[in-house]
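One file, start22.txt, carrying compact mmCIF, C-alpha atoms:
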```
# COMPACT_ATOMS: atom_id res chain seq x y z
CA MET A 7 97.15 107.08 95.52
CA PRO A 8 96.52 107.18 99.26
CA ASP A 9 93.52 109.07 100.52
CA SER A 10 94.77 111.95 102.68
CA SER A 11 91.44 111.98 104.53
CA ASN A 12 92.13 108.42 105.67
CA PRO A 13 95.07 108.46 108.10
CA ASP A 14 95.23 104.67 108.23
CA ALA A 15 95.59 104.49 104.42
CA LEU A 16 98.46 106.99 104.60
CA LEU A 17 100.07 105.02 107.39
CA VAL A 18 99.84 101.81 105.37
CA GLU A 19 101.19 103.56 102.29
CA ASN A 20 104.25 104.64 104.26
CA ILE A 21 104.68 101.12 105.61
CA ARG A 22 104.54 99.85 102.05
CA LEU A 23 107.34 102.27 101.27
CA GLY A 24 109.36 100.61 104.03
CA LYS A 25 109.38 103.53 106.45
CA PRO A 26 110.27 102.24 109.94
CA GLU A 27 108.62 105.18 111.76
CA ALA A 28 105.29 104.36 110.10
CA TRP A 29 105.60 100.75 111.19
CA ASN A 30 106.46 101.87 114.70
CA ASN A 31 103.35 104.10 114.69
CA LEU A 32 101.10 101.27 113.66
CA ILE A 33 102.46 99.05 116.41
CA ALA A 34 102.01 101.80 118.99
CA GLN A 35 98.42 102.44 117.89
CA TYR A 36 97.19 98.89 117.75
CA GLU A 37 99.23 96.62 120.00
CA GLY A 38 97.25 97.41 123.15
CA ARG A 39 93.85 96.43 121.78
CA LEU A 40 95.29 93.37 120.01
CA LEU A 41 96.93 92.23 123.22
CA SER A 42 93.65 92.67 125.14
CA PHE A 43 91.84 90.69 122.44
CA VAL A 44 94.26 87.77 122.62
CA GLN A 45 94.78 87.82 126.36
CA SER A 46 91.05 87.67 127.05
CA ARG A 47 91.27 84.14 125.61
CA LEU A 48 94.69 82.93 126.68
CA ARG A 49 94.75 84.59 130.12
CA ARG A 50 98.54 84.41 130.11
CA ARG A 51 100.65 87.37 129.12
CA ALA A 52 103.70 85.71 127.52
CA PRO A 53 101.87 83.57 124.92
CA SER A 54 99.47 86.47 124.27
CA GLU A 55 102.39 88.72 123.41
CA ASP A 56 103.77 85.99 121.12
CA VAL A 57 100.45 85.82 119.26
CA VAL A 58 100.40 89.61 118.85
CA GLN A 59 103.95 89.44 117.56
CA GLU A 60 102.86 86.84 114.98
CA THR A 61 99.94 89.09 114.10
CA PHE A 62 102.21 92.00 113.23
CA ILE A 63 104.49 89.77 111.16
CA GLY A 64 101.38 88.33 109.49
CA PHE A 65 100.22 91.84 108.69
CA LEU A 66 103.49 92.70 106.95
CA THR A 67 103.58 89.47 104.97
CA SER A 68 99.95 89.93 103.89
CA LEU A 69 100.38 93.62 103.07
CA PRO A 70 100.20 93.12 99.28
CA ASN A 71 96.68 91.72 99.76
CA TYR A 72 95.43 94.46 102.06
CA ASP A 73 92.86 96.79 100.52
CA THR A 74 93.10 100.15 102.30
CA ARG A 75 89.35 100.68 101.84
CA ARG A 76 88.96 98.02 104.50
CA PRO A 77 89.26 99.32 108.08
CA LEU A 78 92.77 98.67 109.33
CA GLU A 79 91.64 97.74 112.82
CA SER A 80 89.30 95.03 111.51
CA TRP A 81 92.04 93.65 109.27
CA LEU A 82 94.44 93.43 112.21
CA PHE A 83 91.81 91.80 114.43
CA SER A 84 91.07 89.23 111.75
CA ILE A 85 94.76 88.33 111.49
CA ALA A 86 94.95 88.14 115.29
CA ALA A 87 91.91 85.83 115.36
CA HIS A 88 93.59 83.49 112.86
CA LYS A 89 96.87 83.48 114.77
CA LEU A 90 94.99 82.88 118.01
CA THR A 91 93.07 79.98 116.47
CA ASP A 92 96.33 78.47 115.23
CA TYR A 93 97.85 78.82 118.68
CA LEU A 94 94.85 77.21 120.40
CA ARG A 95 94.92 74.31 117.95
CA ARG A 96 98.61 73.75 118.54
CA GLU A 97 97.95 73.74 122.26
CA GLY A 98 95.16 71.20 121.77
CA ARG A 99 92.64 73.54 123.32
CA ARG A 100 90.59 74.19 120.23
CA PRO A 101 89.32 70.93 118.74
CA ALA A 102 89.62 70.64 114.97
CA ILE A 103 86.35 70.58 113.08
CA PRO A 104 86.32 68.05 110.24
CA PHE A 105 85.28 69.65 106.99
CA SER A 106 82.60 67.04 106.42
CA THR A 107 81.19 64.51 108.85
CA GLY A 108 79.59 62.24 106.33
CA ASP A 109 76.25 61.67 104.71
CA ASP A 110 74.09 62.48 107.70
CA SER A 111 75.11 66.06 108.09
CA SER A 112 76.61 67.04 104.78
CA GLY A 113 73.27 67.92 103.27
CA ALA A 114 71.59 69.20 106.40
CA TRP A 115 71.82 72.82 105.40
CA GLU A 116 70.35 72.35 101.94
CA GLN A 117 67.12 74.14 101.17
CA THR A 118 64.09 71.98 100.92
CA GLY A 119 61.18 72.20 98.53
CA ASN A 120 61.65 73.91 95.22
CA ALA A 121 64.58 76.03 96.29
CA ARG A 122 67.79 75.30 94.49
CA GLY A 123 70.66 74.23 96.76
CA ALA A 124 73.28 76.91 96.98
CA SER A 125 75.97 74.30 96.44
CA SER A 126 74.71 74.00 92.88
CA ILE A 127 75.70 77.56 92.21
CA ALA A 128 79.35 77.79 91.34
CA ARG A 129 80.53 81.18 92.50
CA SER A 130 83.91 82.74 92.82
CA GLY A 131 85.30 84.30 95.95
CA GLU A 132 84.95 87.65 94.25
CA ARG A 133 81.26 87.05 93.68
CA ARG A 134 80.80 86.08 97.31
CA GLY A 135 82.54 89.26 98.33
CA LEU A 136 80.11 91.30 96.25
CA GLU A 137 77.12 89.53 97.80
CA ASP A 138 78.53 90.06 101.25
CA GLU A 139 79.19 93.76 100.55
CA ALA A 140 75.73 94.35 99.13
CA VAL A 141 73.99 93.01 102.22
CA ALA A 142 76.48 94.68 104.58
CA ASP A 143 75.77 98.03 102.91
CA GLY A 144 72.04 97.45 103.26
CA ILE A 145 72.32 96.62 106.96
CA LEU A 146 74.60 99.58 107.55
CA GLN A 147 72.15 101.96 105.89
CA GLN A 148 69.45 100.80 108.27
CA ILE A 149 71.72 101.06 111.29
CA ASP A 150 72.79 104.57 110.28
CA ARG A 151 69.17 105.62 109.90
CA TRP A 152 68.28 104.21 113.31
CA ARG A 153 71.29 105.95 114.84
CA GLU A 154 70.27 109.29 113.34
CA GLN A 155 66.76 108.82 114.70
CA GLY A 156 68.05 107.72 118.11
CA ASP A 157 66.26 104.42 117.55
CA TRP A 158 68.75 102.42 119.57
CA LYS A 159 66.17 99.82 120.58
CA LYS A 160 65.84 98.65 116.98
CA ILE A 161 69.59 98.19 116.64
CA GLN A 162 69.65 96.24 119.90
CA CYS A 163 66.72 94.15 118.75
CA MET A 164 68.37 93.18 115.42
CA GLU A 165 71.68 92.52 117.11
CA LEU A 166 70.10 90.11 119.58
CA LEU A 167 68.12 88.40 116.83
CA PHE A 168 70.83 88.03 114.21
CA VAL A 169 74.21 88.39 115.92
CA VAL A 170 73.33 86.41 119.06
CA GLY A 171 70.58 84.36 117.45
CA LEU A 172 67.96 84.70 120.17
CA GLY A 173 64.28 84.06 119.52
CA ASN A 174 61.63 86.80 119.48
CA LYS A 175 60.43 85.95 122.97
CA GLN A 176 63.88 86.17 124.55
CA VAL A 177 64.63 89.41 122.75
CA ALA A 178 61.35 90.94 123.89
CA SER A 179 62.13 89.98 127.46
CA LYS A 180 65.69 91.37 127.34
CA LEU A 181 64.63 94.68 125.83
CA ASP A 182 61.40 95.01 127.77
CA ILE A 183 59.26 95.32 124.65
CA THR A 184 56.47 93.12 123.35
CA GLU A 185 56.98 90.10 121.12
CA GLN A 186 54.76 91.82 118.57
CA GLN A 187 57.14 94.77 118.46
CA VAL A 188 60.07 92.44 117.93
CA ALA A 189 58.21 90.69 115.13
CA ASN A 190 57.36 94.03 113.49
CA PHE A 191 60.94 95.34 113.71
CA LYS A 192 62.22 92.06 112.30
CA PHE A 193 59.72 92.03 109.45
CA ASP A 194 60.67 95.57 108.36
CA PHE A 195 64.38 94.80 108.59
CA LEU A 196 64.12 91.60 106.57
CA GLU A 197 61.85 93.20 103.99
CA ARG A 198 64.45 95.89 103.33
CA LEU A 199 67.20 93.29 103.01
CA ARG A 200 65.06 91.25 100.61
CA LYS A 201 64.62 94.34 98.47
CA ILE A 202 68.40 94.80 98.38
CA VAL A 203 68.90 91.16 97.40
CA ARG A 204 66.32 91.53 94.60
CA GLY A 205 67.68 94.91 93.52
CA SER A 206 71.24 93.58 93.36
CA ARG A 207 70.01 90.52 91.42
CA LEU A 208 71.48 88.17 94.01
CA SER A 209 70.28 84.62 94.41
CA GLU A 210 67.74 84.18 97.21
CA ASP A 211 69.17 80.72 97.89
CA ILE A 212 72.32 82.09 99.42
CA PHE A 213 70.47 84.16 102.05
CA PRO A 214 68.10 81.55 103.48
CA GLU A 215 67.48 83.52 106.68
CA LEU A 216 65.73 86.25 104.75
CA TYR A 217 63.07 83.87 103.48
CA GLU A 218 62.36 81.69 106.50
CA MET B 10 72.07 65.71 123.15
CA SER B 11 71.12 69.31 122.50
CA ASN B 12 73.49 72.14 123.16
CA PRO B 13 72.65 75.59 124.47
CA PHE B 14 74.27 77.50 121.62
CA THR B 15 72.43 79.28 118.86
CA THR B 16 73.50 78.88 115.24
CA ALA B 17 74.64 82.51 115.23
CA GLN B 18 76.84 81.83 118.26
CA LEU B 19 78.38 78.77 116.63
CA GLU B 20 79.14 80.80 113.52
CA ALA B 21 80.83 83.35 115.76
CA TYR B 22 82.80 80.54 117.37
CA LEU B 23 84.16 79.54 113.97
CA ASP B 24 85.34 83.13 113.47
CA GLU B 25 86.89 83.37 116.96
CA SER B 26 84.53 86.25 117.70
CA LEU B 27 82.28 84.93 120.48
CA PRO B 28 82.80 86.43 123.95
CA ASP B 29 85.70 84.59 125.55
CA GLU B 30 83.68 82.73 128.18
CA GLN B 31 81.36 81.44 125.47
CA MET B 32 84.32 80.42 123.31
CA THR B 33 85.58 78.36 126.24
CA ALA B 34 82.12 76.87 126.79
CA VAL B 35 81.87 75.76 123.15
CA GLU B 36 85.36 74.22 123.32
CA ALA B 37 84.40 72.32 126.46
CA ALA B 38 81.12 71.13 124.95
CA LEU B 39 82.91 69.96 121.80
CA ARG B 40 84.88 67.45 123.82
CA ASP B 41 81.75 65.64 124.99
CA ASP B 42 79.23 66.25 122.26
CA PRO B 43 79.92 64.74 118.82
CA LYS B 44 76.65 66.25 117.55
CA LEU B 45 78.08 69.69 118.18
CA THR B 46 81.10 68.82 116.03
CA GLU B 47 78.73 67.72 113.28
CA GLN B 48 76.77 70.94 113.63
CA LEU B 49 79.92 73.03 113.25
CA ALA B 50 81.07 70.93 110.29
CA SER B 51 77.69 71.50 108.70
CA LEU B 52 78.04 75.26 109.21
CA LEU B 53 81.45 75.14 107.55
CA GLY B 54 79.88 73.23 104.68
CA ARG B 55 77.19 75.89 104.28
CA ARG B 56 79.82 78.58 104.14
CA ASP B 57 81.87 76.69 101.63
CA ALA B 58 78.80 76.35 99.46
CA GLY B 59 78.37 80.11 99.57
CA VAL B 60 75.46 80.49 101.98
CA HIS B 61 75.58 83.81 103.85
CA SER B 62 74.19 84.63 107.27
CA VAL B 63 73.14 88.08 108.41
CA GLY B 64 74.89 87.64 111.77
CA ALA B 65 78.21 86.65 110.20
CA ILE B 66 78.09 89.62 107.81
CA TRP B 67 77.13 91.94 110.69
CA ARG B 68 80.02 90.71 112.83
CA ARG B 69 82.59 90.57 110.08
CA HIS B 70 81.93 94.14 109.00
CA ARG B 71 81.42 95.26 112.60
CA LEU B 72 78.35 97.12 111.42
CA SER B 73 77.15 98.37 114.79
CA CYS B 74 80.49 98.70 116.58
CA PRO B 75 80.95 102.14 118.15
CA THR B 76 84.02 104.05 116.97
CA ARG B 77 87.17 104.07 119.08
CA GLU B 78 86.38 107.71 119.93
CA HIS B 79 82.91 106.79 121.13
CA LEU B 80 84.32 103.98 123.25
CA GLY B 81 86.74 106.48 124.81
CA SER B 82 83.93 108.96 125.44
CA PHE B 83 81.90 106.16 126.97
CA LEU B 84 84.69 105.42 129.44
CA LEU B 85 84.96 109.11 130.26
CA GLU B 86 81.18 109.20 130.73
CA VAL B 87 80.72 112.07 128.31
CA LEU B 88 78.45 110.35 125.78
CA PRO B 89 74.76 111.30 125.64
CA GLU B 90 72.78 108.96 127.86
CA GLU B 91 70.99 106.98 125.13
CA GLN B 92 74.15 106.51 123.11
CA ALA B 93 76.04 105.45 126.24
CA GLY B 94 73.26 102.96 126.90
CA TYR B 95 73.79 101.46 123.48
CA VAL B 96 77.57 101.22 123.92
CA ARG B 97 77.03 99.50 127.26
CA PHE B 98 74.64 97.05 125.61
CA HIS B 99 77.07 96.34 122.77
CA VAL B 100 79.98 95.72 125.12
CA GLU B 101 78.26 94.06 128.06
CA THR B 102 75.22 92.28 126.60
CA ILE B 103 76.45 91.42 123.11
CA GLY B 104 80.00 91.06 124.43
CA CYS B 105 81.62 92.22 121.17
CA ARG B 106 85.17 90.85 121.47
CA TYR B 107 86.76 93.63 119.45
CA CYS B 108 85.07 96.46 121.32
CA CYS B 109 85.72 94.78 124.67
CA ALA B 110 89.42 94.61 123.72
CA SER B 111 89.41 98.28 122.75
CA VAL B 112 87.65 99.28 125.95
CA GLU B 113 90.15 97.33 128.03
CA ASP B 114 93.04 98.92 126.14
CA LEU B 115 91.58 102.40 126.60
CA ARG B 116 90.96 101.73 130.27
CA GLN B 117 94.62 100.81 130.71
CA GLN B 118 95.71 103.87 128.78
CA HIS B 119 93.54 106.07 130.95
CA ALA B 120 94.91 104.45 134.06
CA ALA B 121 98.42 104.85 132.60
CA THR B 122 99.60 101.91 134.63
CA ASP B 123 101.10 99.97 131.79
CA LEU B 124 103.29 102.57 130.09
CA GLU B 125 106.64 101.02 130.88
CA ASP B 126 105.49 97.54 129.86
CA SER B 127 103.89 98.73 126.65
CA HIS B 128 107.01 100.63 125.62
CA THR B 129 109.10 97.49 126.04
CA ARG B 130 106.56 95.41 124.14
CA ARG B 131 106.37 97.85 121.27
CA GLN B 132 110.14 97.86 120.96
CA ARG B 133 110.18 94.09 120.80
CA TYR B 134 107.35 93.89 118.25
CA PHE B 135 109.18 96.40 116.11
CA GLN B 136 112.52 94.67 116.34
CA THR B 137 111.12 91.24 115.55
CA SER B 138 109.02 92.38 112.60
CA ALA B 139 110.88 95.27 110.97
CA GLY B 140 112.90 92.79 108.90
CA TYR B 141 109.68 92.01 106.99
CA LEU B 142 109.28 95.65 105.93
CA ARG B 143 109.79 96.03 102.21
CA GLY B 144 110.20 99.36 100.53
CA ASP B 145 109.27 97.97 97.15
CA GLU B 146 106.96 100.70 95.90
```

Written as structure tokens, that's how I'd like the structure from this file.
Amino acid sequence: MPDSSNPDALLVENIRLGKPEAWNNLIAQYEGRLLSFVQSRLRRRAPSEDVVQETFIGFLTSLPNYDTRRPLESWLFSIAAHKLTDYLRREGRRPAIPFSTGDDSSGAWEQTGNARGASSIARSGERRGLEDEAVADGILQQIDRWREQGDWKKIQCMELLFVVGLGNKQVASKLDITEQQVANFKFDFLERLRKIVRGSRLSEDIFPELYE
Amino acid sequence: MSNPFTTAQLEAYLDESLPDEQMTAVEAALRDDPKLTEQLASLLGRRDAGVHSVGAIWRRHRLSCPTREHLGSFLLEVLPEEQAGYVRFHVETIGCRYCCASVEDLRQQHAATDLEDSHTRRQRYFQTSAGYLRGDE
């Protein structure tokens, strides 16, 4: 049953029913941003349009797997990213990454000390999805709270630390705050995420960043 | 040989979600730096083993991305100052690929310079994909 408060879910429902006008609407809504996304990498219009075309076909062929609770835009961007990666590989521009490079690096990520290696934990894709969702919800709750409080600096701080991967010193310099403030913000953020991991009974081994 | 990329940036590279100039820089570095290839392979191995990273979850779920409406208001300069400051940071400093693409699309829509082209494109996308539509429900 589509959710009438979610226009994208209704749109997808109509596409699933094979209605051409719904499909036309989706293309009209999303092709511009998808084309900008692809063209920012390829720089050339014709191959960018081809990749967007493949994205739309990919969307239709993957429609049975699409969960309408997931934002439609993100789903389309993720298909576009895959199609773009395929294109860049075919063109020889994006070097292939071997799955394993041998003994030297294969164990490099393993936890040391008493921690159990995450590879020893056999988990299904569904389980991973639940872990991912639990932490995403926790982060989103914090972001929403900061937004409500107008605490934009904290969002910026966490984004630079975790999305870009900068160190405390660089973040402090970029945001014009002290390193101590960065450390305090980070400590609070991680502590809340650790609570979520404990509360959801998730393994600590699979979120090593939270315990560094 | 050390490379200038953070682990979070390399994870974003694997997901095709780094800013485009950084994507190009990683690709260029990969050609000369076998250690970088090993580093990326190691990251893939971590993922396959089920290790999560906060940055990857944040990016994948687009947890701090402004809404399309907010991006439009930002372009029209009608957002409150602090919120506009955040959107600018997210687009210009973080370089979120998805939001940058949306902003560029909105900018073109506002400029209305591309209407003829986009109509032709949409027709073509429709014609080449409509055959995959299935009314099976």

Find the spatial neighbours of region 90-94 of chain B, counting only C-alpha atoms, within a cut-off of 9 Å - ignore same-chain residues fewer than 5 positions away - and output them as a ChimeraX atom specification. /A:153,156,158 /B:79-80,82-83,99

Residues near Ser46 (chain A), cut-off 9 Å, all atoms listed in the file, skip fewer than 2 positions along chain, as a PyMOL selection string: (chain A and resi 41-44+48-50+54) or (chain B and resi 28-30+106+110)

Go through B:Cys105, B:Leu84, B:Val100, B:Ile66 and flag the residue nearest chain A, using only C-alpha atoms for the distances.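 Result for the nearest residue to chain A: B:Ile66.
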
Taking all atoms listed in the file into account, name the residue in B:Pro43, B:Gly59, B:Pro13, B:Pro75 that is nearest to chain A.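 Distance minimum relative to chain A lands on B:Gly59.
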
Have a look at A:Gln148, A:Gln59, A:Gln155, A:Ser11 and name the one nearest to chain B; count all atoms listed in the file. A:Gln59

Please measure the separation of CA of Ile183 (chain A) and CA of Asp157 (chain A), giving the value in Å to one decimal. 13.5 Å

What does the distance from CA of Arg55 (chain B) to CA of Ala102 (chain A) come to in Å, to one decimal? 17.2 Å

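Counting only C-alpha atoms, the residue from A:Gly205, A:Pro104, A:Pro53, A:Gly38 that sits nearest to Val141 (chain A) is A:Gly205.
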
Which distance in Å separates CA of Gln162 (chain A) and CA of Leu181 (chain A), to one decimal?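 Between CA of Gln162 (chain A) and CA of Leu181 (chain A) the gap is 7.9 Å.
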
Which of A:Ala178, A:Leu146, A:Ile103, A:Leu82 sits closest to Thr46 (chain B) [using all atoms listed in the file]: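 Ranked by minimum distance to Thr46 (chain B), first place goes to A:Ile103.
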
Write out as a list in words each polymer residue whose atoms come within 10 Å of Arg143 (chain B), counting all atoms listed in the file; drop sequence neighbours fewer than 4 positions from it. Ile21, Arg22, Leu23, Gly24, Lys25, Pro26, Leu66, Thr67 and Leu69 of chain A; Ala139 of chain B

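Excluding Phe195 (chain A) and any residue on its chain fewer than 5 positions from it, the residues at most 9 Å away by all atoms listed in the file are Ile145, Gln148, Met164, Asn190 and Arg200 of chain A.
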
Taking (96.4, 100.0, 100.7) in the coordinates of the supplied file, I want to know which residues reach to within 12 Å of it, counting all atoms listed in the file; could you give the answer as a PyMOL selection string? (chain A and resi 7-9+12-23+66+68-78+81) or (chain B and resi 146)

Based on the selection just made, write C-alpha atoms of those residues as a PDB file, in the coordinates of the input.
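Resulting contents of result.pdb:
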```pdb
ATOM      1  CA  MET A   7      97.150 107.080  95.520  1.00  0.00           C
ATOM      2  CA  PRO A   8      96.520 107.180  99.260  1.00  0.00           C
ATOM      3  CA  ASP A   9      93.520 109.070 100.520  1.00  0.00           C
ATOM      4  CA  ASN A  12      92.130 108.420 105.670  1.00  0.00           C
ATOM      5  CA  PRO A  13      95.070 108.460 108.100  1.00  0.00           C
ATOM      6  CA  ASP A  14      95.230 104.670 108.230  1.00  0.00           C
ATOM      7  CA  ALA A  15      95.590 104.490 104.420  1.00  0.00           C
ATOM      8  CA  LEU A  16      98.460 106.990 104.600  1.00  0.00           C
ATOM      9  CA  LEU A  17     100.070 105.020 107.390  1.00  0.00           C
ATOM     10  CA  VAL A  18      99.840 101.810 105.370  1.00  0.00           C
ATOM     11  CA  GLU A  19     101.190 103.560 102.290  1.00  0.00           C
ATOM     12  CA  ASN A  20     104.250 104.640 104.260  1.00  0.00           C
ATOM     13  CA  ILE A  21     104.680 101.120 105.610  1.00  0.00           C
ATOM     14  CA  ARG A  22     104.540  99.850 102.050  1.00  0.00           C
ATOM     15  CA  LEU A  23     107.340 102.270 101.270  1.00  0.00           C
ATOM     16  CA  LEU A  66     103.490  92.700 106.950  1.00  0.00           C
ATOM     17  CA  SER A  68      99.950  89.930 103.890  1.00  0.00           C
ATOM     18  CA  LEU A  69     100.380  93.620 103.070  1.00  0.00           C
ATOM     19  CA  PRO A  70     100.200  93.120  99.280  1.00  0.00           C
ATOM     20  CA  ASN A  71      96.680  91.720  99.760  1.00  0.00           C
ATOM     21  CA  TYR A  72      95.430  94.460 102.060  1.00  0.00           C
ATOM     22  CA  ASP A  73      92.860  96.790 100.520  1.00  0.00           C
ATOM     23  CA  THR A  74      93.100 100.150 102.300  1.00  0.00           C
ATOM     24  CA  ARG A  75      89.350 100.680 101.840  1.00  0.00           C
ATOM     25  CA  ARG A  76      88.960  98.020 104.500  1.00  0.00           C
ATOM     26  CA  PRO A  77      89.260  99.320 108.080  1.00  0.00           C
ATOM     27  CA  LEU A  78      92.770  98.670 109.330  1.00  0.00           C
ATOM     28  CA  TRP A  81      92.040  93.650 109.270  1.00  0.00           C
TER      29      TRP A  81
ATOM     30  CA  GLU B 146     106.960 100.700  95.900  1.00  0.00           C
TER      31      GLU B 146
END
```

List as a PyMOL selection string: which residues have an atom within 12 Å of (57.1, 91.3, 116.6), counting all atoms listed in the file? chain A and resi 160+163-164+167+173-178+183-195

Across B:Val60, B:Gly104, B:Arg69, B:Val112, the smallest distance to chain A, with all atoms listed in the file counted, is shown by B:Val60

I'd like the contact shell of Ile33 (chain A) - 10 Å cut-off, only C-alpha atoms, skipping same-chain residues fewer than 3 positions apart - returned as a list of chain:residue names. A:Glu27, A:Ala28, A:Trp29, A:Asn30, A:Tyr36, A:Glu37, A:Gly38, A:Leu40, A:Val58, A:Gln59, A:Phe62, B:Arg130, B:Arg131, B:Gln132, B:Tyr134, B:Phe135

I need region 73-85 of chain A from the structure I supplied, saved as a PDB file, in the first residue's frame with N, CA and C atoms retained.
```pdb
ATOM      1  N   ASP A  73      13.019  -0.542  -2.158  1.00  0.00           N
ATOM      2  CA  ASP A  73      12.172  -0.374  -0.982  1.00  0.00           C
ATOM      3  C   ASP A  73      11.781   1.107  -0.912  1.00  0.00           C
ATOM      4  N   THR A  74      10.494   1.389  -1.027  1.00  0.00           N
ATOM      5  CA  THR A  74      10.063   2.795  -1.127  1.00  0.00           C
ATOM      6  C   THR A  74      10.283   3.578   0.171  1.00  0.00           C
ATOM      7  N   ARG A  75      10.701   2.886   1.231  1.00  0.00           N
ATOM      8  CA  ARG A  75      11.065   3.653   2.443  1.00  0.00           C
ATOM      9  C   ARG A  75      12.410   4.346   2.247  1.00  0.00           C
ATOM     10  N   ARG A  76      13.143   3.865   1.269  1.00  0.00           N
ATOM     11  CA  ARG A  76      14.448   4.481   0.984  1.00  0.00           C
ATOM     12  C   ARG A  76      14.232   5.687   0.069  1.00  0.00           C
ATOM     13  N   PRO A  77      14.906   6.816   0.352  1.00  0.00           N
ATOM     14  CA  PRO A  77      14.698   7.987  -0.507  1.00  0.00           C
ATOM     15  C   PRO A  77      15.004   7.679  -1.971  1.00  0.00           C
ATOM     16  N   LEU A  78      14.087   8.063  -2.820  1.00  0.00           N
ATOM     17  CA  LEU A  78      14.220   7.768  -4.254  1.00  0.00           C
ATOM     18  C   LEU A  78      15.469   8.429  -4.846  1.00  0.00           C
ATOM     19  N   GLU A  79      15.709   9.667  -4.455  1.00  0.00           N
ATOM     20  CA  GLU A  79      16.864  10.371  -5.020  1.00  0.00           C
ATOM     21  C   GLU A  79      18.157   9.623  -4.709  1.00  0.00           C
ATOM     22  N   SER A  80      18.301   9.168  -3.459  1.00  0.00           N
ATOM     23  CA  SER A  80      19.532   8.456  -3.085  1.00  0.00           C
ATOM     24  C   SER A  80      19.673   7.151  -3.861  1.00  0.00           C
ATOM     25  N   TRP A  81      18.542   6.482  -4.073  1.00  0.00           N
ATOM     26  CA  TRP A  81      18.575   5.216  -4.831  1.00  0.00           C
ATOM     27  C   TRP A  81      19.046   5.479  -6.258  1.00  0.00           C
ATOM     28  N   LEU A  82      18.504   6.530  -6.868  1.00  0.00           N
ATOM     29  CA  LEU A  82      18.896   6.870  -8.237  1.00  0.00           C
ATOM     30  C   LEU A  82      20.370   7.276  -8.304  1.00  0.00           C
ATOM     31  N   PHE A  83      20.820   8.059  -7.325  1.00  0.00           N
ATOM     32  CA  PHE A  83      22.233   8.455  -7.328  1.00  0.00           C
ATOM     33  C   PHE A  83      23.136   7.225  -7.163  1.00  0.00           C
ATOM     34  N   SER A  84      22.701   6.274  -6.346  1.00  0.00           N
ATOM     35  CA  SER A  84      23.560   5.108  -6.149  1.00  0.00           C
ATOM     36  C   SER A  84      23.638   4.273  -7.433  1.00  0.00           C
ATOM     37  N   ILE A  85      22.543   4.192  -8.166  1.00  0.00           N
ATOM     38  CA  ILE A  85      22.598   3.481  -9.460  1.00  0.00           C
ATOM     39  C   ILE A  85      23.513   4.251 -10.420  1.00  0.00           C
TER      40      ILE A  85
END
```
